[in-house]
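Reproduced below: data_32.txt, with compact mmCIF, C-alpha atoms and all ligand atoms.
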# COMPACT_ATOMS: atom_id res chain seq x y z
CA MET A 20 -33.34 -9.81 5.57
CA HIS A 21 -34.06 -11.87 2.47
CA PRO A 22 -30.67 -12.40 0.84
CA VAL A 23 -32.07 -13.28 -2.57
CA GLU A 24 -34.25 -10.16 -2.69
CA PHE A 25 -31.32 -8.05 -1.52
CA ILE A 26 -29.10 -9.45 -4.30
CA GLU A 27 -31.86 -9.01 -6.89
CA LYS A 28 -32.33 -5.40 -5.89
CA LYS A 29 -28.71 -4.57 -6.75
CA ARG A 30 -28.74 -6.82 -9.81
CA ASP A 31 -31.65 -4.76 -11.17
CA GLY A 32 -29.98 -1.41 -10.45
CA GLY A 33 -31.71 -0.59 -7.15
CA THR A 34 -30.29 1.47 -4.29
CA HIS A 35 -29.69 0.09 -0.81
CA GLY A 36 -30.40 2.02 2.38
CA ALA A 37 -27.88 2.25 5.24
CA ALA A 38 -29.95 0.00 7.56
CA GLU A 39 -30.24 -2.89 5.10
CA LEU A 40 -26.51 -2.64 4.27
CA ARG A 41 -25.74 -2.90 7.98
CA GLU A 42 -28.00 -5.93 8.28
CA TRP A 43 -26.41 -7.54 5.23
CA ILE A 44 -22.87 -7.10 6.52
CA GLU A 45 -23.77 -8.25 10.03
CA ALA A 46 -25.42 -11.37 8.64
CA TYR A 47 -22.37 -12.10 6.48
CA VAL A 48 -19.88 -11.74 9.34
CA ALA A 49 -22.13 -13.92 11.52
CA GLY A 50 -22.02 -16.64 8.85
CA GLU A 51 -25.75 -16.36 8.10
CA VAL A 52 -25.11 -15.18 4.53
CA PRO A 53 -22.89 -17.70 2.73
CA ASP A 54 -19.94 -16.73 0.51
CA TYR A 55 -21.81 -17.63 -2.69
CA GLN A 56 -24.56 -15.09 -1.97
CA MET A 57 -22.03 -12.42 -1.01
CA ALA A 58 -20.10 -13.20 -4.20
CA ALA A 59 -23.26 -12.79 -6.30
CA TRP A 60 -23.98 -9.45 -4.65
CA LEU A 61 -20.39 -8.25 -5.14
CA MET A 62 -20.68 -9.04 -8.84
CA ALA A 63 -23.97 -7.12 -8.98
CA VAL A 64 -22.19 -4.13 -7.36
CA TYR A 65 -19.34 -4.52 -9.83
CA PHE A 66 -21.75 -4.08 -12.75
CA GLN A 67 -24.38 -1.72 -11.27
CA GLY A 68 -22.11 0.43 -9.10
CA MET A 69 -23.17 2.26 -5.95
CA SER A 70 -24.05 5.88 -5.20
CA PRO A 71 -21.70 7.82 -2.86
CA GLU A 72 -24.36 7.56 -0.10
CA GLU A 73 -24.61 3.79 -0.50
CA THR A 74 -20.80 3.48 -0.50
CA ALA A 75 -20.62 5.51 2.73
CA GLY A 76 -23.31 3.27 4.27
CA LEU A 77 -21.44 0.14 3.23
CA THR A 78 -18.15 1.54 4.56
CA LEU A 79 -19.61 2.31 7.99
CA ALA A 80 -21.25 -1.10 8.18
CA MET A 81 -17.89 -2.72 7.39
CA ALA A 82 -15.95 -0.45 9.77
CA TYR A 83 -18.28 -1.33 12.64
CA SER A 84 -18.29 -5.06 11.86
CA GLY A 85 -15.56 -5.45 14.52
CA GLU A 86 -13.45 -3.49 16.95
CA VAL A 87 -13.06 0.29 16.42
CA LEU A 88 -9.91 1.71 18.01
CA ASP A 89 -10.12 4.80 20.18
CA LEU A 90 -6.91 6.79 19.73
CA SER A 91 -8.34 10.01 21.13
CA SER A 92 -5.96 9.98 24.13
CA LEU A 93 -2.93 10.16 21.81
CA GLY A 94 -3.28 13.69 20.42
CA LYS A 95 -2.87 14.32 16.68
CA THR A 96 -2.97 10.86 15.19
CA VAL A 97 -2.26 10.22 11.54
CA ASP A 98 -2.55 7.24 9.22
CA LYS A 99 -1.12 6.93 5.74
CA HIS A 100 -2.37 4.43 3.20
CA SER A 101 -1.47 3.48 -0.34
CA SER A 102 -3.97 1.90 -2.69
CA GLY A 103 -1.21 -0.55 -3.66
CA GLY A 104 1.81 -0.33 -5.92
CA VAL A 105 5.21 -1.75 -6.84
CA GLY A 106 8.38 -0.56 -5.08
CA ASP A 107 6.19 1.55 -2.81
CA LYS A 108 8.13 1.97 0.42
CA THR A 109 6.85 5.49 1.17
CA THR A 110 5.37 4.50 4.56
CA LEU A 111 8.91 3.70 5.76
CA VAL A 112 9.99 7.22 4.83
CA VAL A 113 6.85 9.25 5.59
CA ALA A 114 5.91 7.73 8.96
CA PRO A 115 9.24 8.58 10.69
CA ILE A 116 9.10 12.10 9.22
CA LEU A 117 5.62 12.68 10.61
CA ALA A 118 6.53 11.23 14.01
CA ALA A 119 9.65 13.41 14.16
CA ALA A 120 7.53 16.43 13.22
CA GLY A 121 5.25 15.91 16.22
CA LEU A 122 2.38 13.73 15.01
CA VAL A 123 1.51 10.30 16.34
CA VAL A 124 1.59 7.65 13.63
CA ALA A 125 -0.32 4.65 14.96
CA LYS A 126 -1.25 2.40 12.10
CA MET A 127 -2.05 -1.07 10.96
CA SER A 128 -0.56 -2.23 7.69
CA GLY A 129 -1.18 -5.15 5.40
CA ARG A 130 0.91 -7.79 3.73
CA GLY A 131 1.53 -7.97 0.00
CA LEU A 132 -1.42 -8.53 -2.29
CA ALA A 133 -1.05 -10.06 -5.77
CA HIS A 134 1.77 -8.17 -7.56
CA THR A 135 1.86 -5.37 -4.97
CA GLY A 136 4.10 -5.35 -1.89
CA GLY A 137 3.04 -4.85 1.72
CA THR A 138 4.67 -2.76 4.45
CA ILE A 139 4.56 -5.55 7.03
CA ASP A 140 6.43 -7.96 4.73
CA LYS A 141 9.09 -5.32 4.15
CA LEU A 142 9.51 -4.59 7.85
CA GLU A 143 9.76 -8.30 8.64
CA SER A 144 13.02 -8.38 6.69
CA ILE A 145 14.56 -6.52 9.68
CA PRO A 146 16.01 -9.15 12.05
CA GLY A 147 13.83 -9.49 15.15
CA TRP A 148 11.12 -6.99 14.12
CA ARG A 149 7.63 -8.19 14.97
CA ALA A 150 4.24 -7.06 13.71
CA GLU A 151 2.04 -8.67 16.37
CA LEU A 152 1.48 -6.33 19.29
CA SER A 153 -1.04 -6.46 22.11
CA ASP A 154 -3.42 -3.50 22.42
CA GLU A 155 -1.39 -2.27 25.42
CA GLU A 156 1.92 -2.50 23.53
CA PHE A 157 0.39 -0.68 20.58
CA MET A 158 -0.86 2.21 22.69
CA ARG A 159 2.31 2.43 24.82
CA GLN A 160 4.58 2.58 21.79
CA ALA A 161 2.38 5.20 20.14
CA ARG A 162 2.66 7.31 23.29
CA GLU A 163 6.40 6.79 23.87
CA VAL A 164 7.84 6.62 20.34
CA GLY A 165 5.13 8.39 18.35
CA LEU A 166 5.34 5.66 15.72
CA VAL A 167 3.90 2.17 15.76
CA ILE A 168 2.98 -0.09 12.84
CA ALA A 169 1.21 -3.36 13.56
CA GLY A 170 -0.15 -6.12 11.36
CA GLN A 171 -3.83 -5.90 10.55
CA SER A 172 -5.77 -7.21 13.54
CA LYS A 173 -8.38 -9.86 12.72
CA ASN A 174 -10.86 -7.89 14.77
CA LEU A 175 -10.50 -4.74 12.74
CA ALA A 176 -13.16 -4.50 10.01
CA PRO A 177 -13.48 -8.31 9.79
CA ALA A 178 -16.11 -7.90 7.06
CA ASP A 179 -13.41 -6.49 4.79
CA GLY A 180 -11.05 -9.41 5.44
CA LYS A 181 -13.74 -11.90 4.37
CA MET A 182 -15.01 -9.82 1.47
CA TYR A 183 -11.55 -9.05 0.12
CA ALA A 184 -10.60 -12.73 0.05
CA LEU A 185 -13.80 -13.41 -1.89
CA ARG A 186 -13.29 -10.50 -4.30
CA ASP A 187 -9.77 -11.71 -4.99
CA VAL A 188 -11.12 -15.01 -6.38
CA THR A 189 -14.33 -13.77 -8.06
CA GLY A 190 -12.99 -11.01 -10.31
CA THR A 191 -14.57 -8.23 -8.26
CA VAL A 192 -11.53 -6.33 -6.95
CA PRO A 193 -11.44 -3.46 -9.49
CA SER A 194 -14.71 -1.79 -8.50
CA ILE A 195 -14.47 1.80 -7.27
CA PRO A 196 -17.15 1.58 -4.52
CA LEU A 197 -15.78 -1.77 -3.34
CA ILE A 198 -12.19 -0.50 -3.19
CA ALA A 199 -13.27 2.72 -1.45
CA SER A 200 -15.29 0.87 1.20
CA SER A 201 -12.54 -1.71 1.69
CA ILE A 202 -9.82 0.88 2.30
CA MET A 203 -11.90 3.36 4.28
CA SER A 204 -13.56 0.77 6.54
CA LYS A 205 -10.09 -0.27 7.76
CA LYS A 206 -8.95 3.34 8.14
CA LEU A 207 -12.05 4.37 10.11
CA ALA A 208 -11.78 1.32 12.38
CA ALA A 209 -8.06 2.04 12.97
CA GLY A 210 -8.98 5.32 14.62
CA ALA A 211 -6.61 8.04 13.31
CA ARG A 212 -8.05 11.56 12.93
CA ILE A 213 -5.90 12.47 9.91
CA ILE A 214 -5.74 10.09 6.99
CA THR A 215 -3.41 10.65 4.05
CA LEU A 216 -4.09 8.48 1.04
CA ASP A 217 -1.79 7.72 -1.85
CA VAL A 218 -3.97 6.69 -4.76
CA LYS A 219 -1.87 4.98 -7.39
CA VAL A 220 -2.64 5.28 -11.09
CA GLY A 221 -1.22 3.24 -13.97
CA ARG A 222 -0.11 -0.18 -15.15
CA GLY A 223 1.00 -1.34 -11.69
CA ALA A 224 -2.09 0.00 -9.87
CA PHE A 225 -5.69 -1.11 -9.48
CA MET A 226 -6.78 2.22 -11.04
CA LYS A 227 -5.54 2.36 -14.61
CA ASN A 228 -6.46 5.98 -15.46
CA VAL A 229 -6.52 9.35 -13.69
CA ASP A 230 -10.29 9.86 -13.98
CA ASP A 231 -11.04 6.60 -12.15
CA ALA A 232 -8.38 7.36 -9.56
CA ARG A 233 -9.86 10.81 -8.96
CA ARG A 234 -13.35 9.32 -8.54
CA LEU A 235 -11.96 6.83 -6.04
CA ALA A 236 -10.08 9.57 -4.17
CA GLU A 237 -13.13 11.87 -4.03
CA LEU A 238 -15.28 9.07 -2.76
CA MET A 239 -12.81 8.15 -0.01
CA VAL A 240 -12.24 11.77 1.04
CA GLY A 241 -16.04 12.27 1.23
CA ILE A 242 -16.57 9.11 3.29
CA GLY A 243 -13.82 10.12 5.72
CA ARG A 244 -15.15 13.63 6.10
CA HIS A 245 -18.65 12.30 6.74
CA ALA A 246 -17.13 10.23 9.57
CA GLY A 247 -15.37 13.29 11.06
CA ARG A 248 -11.85 12.56 9.78
CA ASP A 249 -9.53 14.84 7.82
CA VAL A 250 -8.74 12.91 4.67
CA ARG A 251 -6.53 14.04 1.79
CA ALA A 252 -5.47 12.04 -1.22
CA VAL A 253 -2.45 12.40 -3.47
CA LEU A 254 -2.78 10.83 -6.91
CA SER A 255 0.56 9.41 -8.02
CA GLN A 256 1.82 7.66 -11.11
CA MET A 257 2.40 3.89 -10.96
CA ASP A 258 3.19 3.06 -14.60
CA GLN A 259 6.74 2.28 -13.53
CA PRO A 260 7.82 1.16 -10.03
CA LEU A 261 8.55 3.80 -7.40
CA GLY A 262 12.27 4.15 -6.70
CA ARG A 263 14.73 1.54 -7.97
CA ALA A 264 14.33 -1.27 -5.43
CA VAL A 265 11.52 -3.83 -5.57
CA GLY A 266 11.35 -6.62 -2.99
CA ASN A 267 11.48 -6.57 0.78
CA ALA A 268 14.93 -6.15 2.41
CA ILE A 269 16.08 -4.29 -0.70
CA GLU A 270 13.22 -1.79 -0.28
CA VAL A 271 14.00 -1.21 3.39
CA ARG A 272 17.60 -0.47 2.37
CA GLU A 273 16.31 2.08 -0.15
CA ALA A 274 14.00 3.70 2.42
CA ILE A 275 16.93 4.09 4.84
CA ALA A 276 19.09 5.57 2.07
CA THR A 277 16.27 7.98 1.29
CA LEU A 278 16.03 9.18 4.90
CA ASN A 279 19.81 9.65 4.67
CA GLY A 280 19.28 11.97 1.69
CA GLU A 281 20.63 9.42 -0.78
CA GLY A 282 17.41 8.04 -2.20
CA PRO A 283 15.92 8.11 -5.70
CA ARG A 284 14.29 11.39 -6.62
CA ASP A 285 10.80 10.05 -7.28
CA LEU A 286 10.61 8.41 -3.85
CA GLU A 287 11.82 11.62 -2.23
CA GLU A 288 9.30 13.72 -4.13
CA LEU A 289 6.29 11.55 -3.30
CA SER A 290 7.31 11.05 0.34
CA LEU A 291 7.66 14.79 0.83
CA ALA A 292 4.31 15.50 -0.84
CA LEU A 293 2.51 12.96 1.38
CA ALA A 294 4.23 14.19 4.55
CA GLU A 295 3.39 17.81 3.73
CA GLU A 296 -0.29 17.00 3.16
CA ALA A 297 -0.50 15.27 6.54
CA LEU A 298 1.27 18.12 8.35
CA GLU A 299 -1.00 20.72 6.74
CA ALA A 300 -4.05 18.72 7.79
CA ALA A 301 -2.69 18.76 11.35
CA GLY A 302 -2.09 22.52 11.27
CA ILE A 303 1.70 22.14 11.36
CA GLU A 304 3.91 24.11 8.94
CA LYS A 305 4.65 21.84 6.04
CA GLU A 306 8.32 22.96 6.00
CA ARG A 307 8.79 20.81 9.13
CA ALA A 308 8.82 17.73 6.90
CA ALA A 309 12.01 18.71 5.06
CA ALA A 310 13.57 20.07 8.27
CA VAL A 311 13.25 16.83 10.30
CA TRP A 312 14.36 14.87 7.26
CA ARG A 313 17.53 16.93 6.79
CA SER A 314 18.39 17.09 10.51
CA GLY A 315 18.41 13.28 10.88
CA ALA A 316 15.54 13.39 13.39
CA ALA A 317 13.37 11.23 11.11
CA LEU A 318 16.10 8.59 10.79
CA ASP A 319 16.50 8.56 14.60
CA ARG A 320 12.76 8.02 14.88
CA LEU A 321 12.94 5.10 12.45
CA ARG A 322 15.63 3.46 14.62
CA ALA A 323 13.57 3.99 17.80
CA PHE A 324 10.52 2.48 16.11
CA ILE A 325 12.44 -0.58 14.86
CA GLU A 326 13.93 -1.22 18.30
CA ALA A 327 10.62 -0.72 20.11
CA GLN A 328 9.19 -3.57 18.01
CA GLY A 329 12.11 -5.90 18.78
CA GLY A 330 14.11 -5.20 15.60
CA ASP A 331 17.85 -4.68 15.16
CA GLY A 332 18.15 -0.88 15.02
CA ARG A 333 21.72 -1.15 13.75
CA VAL A 334 20.27 -1.65 10.22
CA VAL A 335 19.85 2.11 10.11
CA GLU A 336 23.64 2.68 10.16
CA GLU A 337 24.55 -0.64 8.58
CA PRO A 338 21.87 -1.46 5.99
CA GLU A 339 23.98 -4.44 4.83
CA ARG A 340 22.58 -6.20 7.92
CA LEU A 341 19.40 -6.51 5.83
CA GLU A 342 20.24 -9.71 4.02
CA LEU A 343 19.90 -9.79 0.23
CA ALA A 344 19.77 -13.13 -1.61
CA PRO A 345 23.39 -13.86 -2.60
CA ASP A 346 22.77 -14.95 -6.20
CA VAL A 347 22.69 -12.08 -8.65
CA PHE A 348 21.74 -12.06 -12.32
CA GLU A 349 22.35 -8.96 -14.42
CA LEU A 350 19.76 -8.29 -17.10
CA ARG A 351 21.45 -6.46 -19.97
CA ALA A 352 20.11 -4.35 -22.84
CA SER A 353 20.31 -5.94 -26.27
CA GLU A 354 20.41 -2.59 -28.10
CA ASP A 355 21.07 1.13 -27.61
CA GLY A 356 18.12 3.37 -26.72
CA VAL A 357 16.22 5.24 -24.05
CA VAL A 358 13.90 3.45 -21.63
CA ALA A 359 10.40 4.36 -22.84
CA ALA A 360 8.37 2.02 -20.59
CA LEU A 361 9.02 -0.09 -17.51
CA ASP A 362 5.82 -1.96 -16.72
CA ALA A 363 5.35 -1.88 -12.94
CA TYR A 364 2.93 -4.82 -13.03
CA ARG A 365 5.49 -7.06 -14.71
CA VAL A 366 8.26 -5.99 -12.34
CA GLY A 367 5.94 -6.77 -9.42
CA MET A 368 5.11 -10.17 -10.90
CA ALA A 369 8.82 -10.90 -11.47
CA THR A 370 9.50 -10.28 -7.77
CA LEU A 371 6.57 -12.52 -6.87
CA ARG A 372 7.99 -15.34 -9.04
CA LEU A 373 11.38 -15.03 -7.30
CA GLY A 374 9.59 -15.72 -4.01
CA GLY A 375 9.36 -12.11 -2.77
CA GLY A 376 5.55 -12.18 -2.63
CA ARG A 377 2.75 -14.64 -2.02
CA GLU A 378 1.02 -16.79 -4.63
CA ARG A 379 -1.27 -18.14 -1.86
CA LYS A 380 -2.56 -16.51 1.32
CA ASN A 381 -0.23 -17.01 4.29
CA ALA A 382 2.53 -18.64 2.19
CA PRO A 383 6.06 -17.84 3.46
CA ILE A 384 8.05 -15.28 1.49
CA ASP A 385 11.76 -14.80 0.83
CA HIS A 386 12.69 -11.36 2.15
CA GLY A 387 16.10 -11.36 0.45
CA VAL A 388 15.06 -11.65 -3.19
CA GLY A 389 14.18 -8.68 -5.36
CA VAL A 390 15.08 -6.48 -8.26
CA TYR A 391 17.20 -3.34 -8.48
CA LEU A 392 16.34 -1.20 -11.51
CA LEU A 393 19.46 0.58 -12.74
CA LYS A 394 17.54 2.09 -15.64
CA LYS A 395 14.16 3.77 -15.50
CA ILE A 396 12.00 5.70 -17.95
CA GLY A 397 13.86 8.49 -19.75
CA GLU A 398 17.32 7.08 -19.01
CA PRO A 399 19.66 6.22 -21.90
CA VAL A 400 21.17 2.76 -22.17
CA ARG A 401 23.83 1.20 -24.40
CA ALA A 402 23.71 -2.33 -25.79
CA GLY A 403 25.24 -4.68 -23.19
CA GLU A 404 24.70 -2.29 -20.27
CA VAL A 405 22.92 -3.61 -17.16
CA LEU A 406 19.23 -2.68 -16.99
CA ALA A 407 18.42 -4.45 -13.73
CA ARG A 408 20.08 -6.60 -11.08
CA VAL A 409 18.03 -9.60 -10.01
CA HIS A 410 18.67 -11.02 -6.53
CA HIS A 411 17.51 -14.64 -6.56
CA ARG A 412 18.01 -17.70 -4.43
CA GLY A 413 19.49 -20.63 -6.27
CA GLY A 414 17.62 -19.81 -9.48
CA ARG A 415 14.13 -20.16 -7.97
CA GLY A 416 11.65 -18.51 -10.33
CA LEU A 417 14.51 -16.86 -12.20
CA GLU A 418 13.57 -17.93 -15.70
CA GLU A 419 10.02 -16.59 -15.43
CA ALA A 420 11.20 -13.47 -13.62
CA LEU A 421 13.66 -12.68 -16.42
CA GLU A 422 10.98 -13.15 -19.04
CA LEU A 423 8.68 -10.73 -17.18
CA LEU A 424 11.44 -8.20 -16.59
CA GLY A 425 12.70 -8.41 -20.17
CA SER A 426 9.20 -7.67 -21.46
CA ALA A 427 8.66 -4.92 -18.85
CA TYR A 428 11.37 -2.81 -20.51
CA GLU A 429 10.65 -1.03 -23.77
CA LEU A 430 13.37 1.01 -25.47
CA ALA A 431 12.85 3.82 -27.96
CA GLU A 432 14.91 6.62 -29.50
CA THR A 433 13.66 9.20 -27.00
CA ALA A 434 11.38 9.24 -23.99
CA THR A 435 10.61 11.49 -21.05
CA PRO A 436 9.64 10.25 -17.58
CA PRO A 437 5.91 10.67 -16.84
CA PRO A 438 4.97 13.20 -14.14
CA LEU A 439 4.85 11.55 -10.72
CA LEU A 440 2.37 13.74 -8.84
CA LEU A 441 -0.90 13.90 -10.73
CA ASP A 442 -3.34 15.65 -8.39
CA VAL A 443 -4.37 16.25 -4.80
CA VAL A 444 -7.95 15.71 -3.63
CA ALA A 445 -8.79 17.38 -0.33
N1 LIG A 501 -6.54 -2.14 -1.03
C1 LIG A 501 -7.52 -2.50 -0.15
O1 LIG A 501 -7.33 -2.47 1.05
N2 LIG A 501 -8.70 -2.87 -0.66
C2 LIG A 501 -8.99 -2.90 -1.97
O2 LIG A 501 -10.08 -3.23 -2.34
C3 LIG A 501 -7.96 -2.55 -2.88
C4 LIG A 501 -6.74 -2.16 -2.38
With the file now loaded, output its structure as structure tokens.
Ligand code: URA
Amino acid sequence: MHPVEFIEKKRDGGTHGAAELREWIEAYVAGEVPDYQMAAWLMAVYFQGMSPEETAGLTLAMAYSGEVLDLSSLGKTVDKHSSGGVGDKTTLVVAPILAAAGLVVAKMSGRGLAHTGGTIDKLESIPGWRAELSDEEFMRQAREVGLVIAGQSKNLAPADGKMYALRDVTGTVPSIPLIASSIMSKKLAAGARIITLDVKVGRGAFMKNVDDARRLAELMVGIGRHAGRDVRAVLSQMDQPLGRAVGNAIEVREAIATLNGEGPRDLEELSLALAEEALEAAGIEKERAAAVWRSGAALDRLRAFIEAQGGDGRVVEEPERLELAPDVFELRASEDGVVAALDAYRVGMATLRLGGGRERKNAPIDHGVGVYLLKKIGEPVRAGEVLARVHHRGGRGLEEALELLGSAYELAETATPPPLLLDVVA
């Protein structure tokens, strides 16, 4: 392996073979290829792209750079993954539905990234809930509860952990082959047979238009199939946040309300679509999703899952046990109109500024802060009416958050909400 020649090959538009990609990734994880050479290569990929075959080769090399879980003893295992959005708490709704419908949801989830939230951060707002599980605990809970969500293990696709951190600081995140290999390497290493992807499109997503999102989805579905997994992708709109709650504890409250049949319509619609895709892939009637939702079986499963991981299961009946920051600012409309835009990126950034996300890796976050959007696209508003409630702690980050939120809202004379479900790639 000659790193400089390897980098030059991609710089000049060449195509890598699977064996040299494996060697490259192995050398990087072993510390033989330094970050600056990997960064140069990532930038070359960003500009030159990769063929589907190369992307599959890279993904496998990354997936096998560490431990690969064997979940074959657990029956029909399913994983659900979102490409990253704002207000996206669908895992908290979909996973209990799938477990209640008879599948085994055994998954690893990440923490928030940039303006997007992470499932583990949300779950950690539940008193006592813990993300770190031993391999034995993980497998036992999968078997006994049918639902386990752990923090990303350092041993799982370690190449992705190192490469993602580098991409984040070298402007090489928004590359379709790099995103596809990053997501799918983790999914393949995590072992589930059925993988349901939610590919977000719009202002608050990494993919800004439907064509790019479809290319990403097709690539990921192809890679998964090549590796013997059943992968389906739903393309969903992320111009405005999903649901009305953005933050951590506030999003868990909204997920619980949704399982109780009292959630926002968009969250219900997307959660049902994702659950139905996973059930169909598993050969189970898709109507089971709505049935276990309505019967309360999914909510029971959520409680069992929370308690199995040390959390206070009473939050399911008493969501007020999920502490929200006590200081509240009401953002009001300055004129009459209809909400024509609600920029998800800015809402995500506002939550970050309040302390609900991380500006630096591993920084602590405030689970209680967040935003509740009383008005979304297509909804009329009168001058002086509340657009959004901002939960802050002692004014931290409030000024900047209000500026971001104020500019996230655009009013017009008329507007219709954009369609939520854009396509399915299977
Ligand atoms: N999510 C990931 O896991 N990786 C990416 O590259 C982008 C989103």
Mind dumping a table of every chain A residue within 6 Å of ligand LIG 501 (chain A), with the nearest atom pair and its distance in Å to one decimal, using all atoms listed in the file, sorted by chain and rising number, as CSV?
residue,atom,partner,partner_atom,distance
A:Ser102,CA,A:LIG501,C4,4.9
A:Gly103,CA,A:LIG501,C4,5.9
A:Val192,CA,A:LIG501,O2,5.7
A:Leu197,CA,A:LIG501,O2,6.0
A:Ile198,CA,A:LIG501,O2,3.6
A:Ser201,CA,A:LIG501,N2,4.6
A:Ile202,CA,A:LIG501,O1,4.4
**Message:** Can you measure atom CA of A:Ala211 to atom CA of A:Ala317 for me? One decimal in Å is fine.
**Reply:**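 Spanning atom CA of A:Ala211 to atom CA of A:Ala317 is a straight-line distance of 20.4 Å.
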Kindly provide the residues of stretch 182-291 of chain A that approach stretch 82-94 of chain A to within 10 Å, each paired with its closest atom pair and their distance in Å to one decimal, based on all atoms listed in the file, listed by chain and increasing number, as CSV.
residue,atom,partner,partner_atom,distance
A:Ser200,CA,A:Ala82,CA,8.7
A:Ser201,CA,A:Ala82,CA,8.9
A:Ile202,CA,A:Ala82,CA,9.8
A:Met203,CA,A:Ala82,CA,7.8
A:Ser204,CA,A:Ala82,CA,4.2
A:Lys205,CA,A:Ala82,CA,6.2
A:Lys206,CA,A:Ala82,CA,8.1
A:Leu207,CA,A:Ala82,CA,6.2
A:Ala208,CA,A:Val87,CA,4.4
A:Ala209,CA,A:Leu88,CA,5.4
A:Gly210,CA,A:Leu88,CA,5.0
A:Ala211,CA,A:Leu90,CA,6.5
A:Arg212,CA,A:Ser91,CA,8.4
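If you measure from each of A:Gly243, A:Pro260, A:Gly36, A:Gly397 to A:Ala427 using only C-alpha atoms, the closest one turns out to be A:Pro260.
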**Request:** Compare A:Arg162, A:Arg248, A:Lys305, A:Lys141 by their minimum atom-to-atom distance to A:Asp385, counting all atoms listed in the file, and give me the closest one.
**Result:** A:Lys141
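We find atom CA of A:Gly104 and atom CA of A:Val405 to be spaced 24.1 Å apart.
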**Request:** Kindly give the distance, in Å, that separates atom CA of A:Asp31 and atom CA of A:Ser70, rounded to a single decimal.
**Result:** 14.4 Å
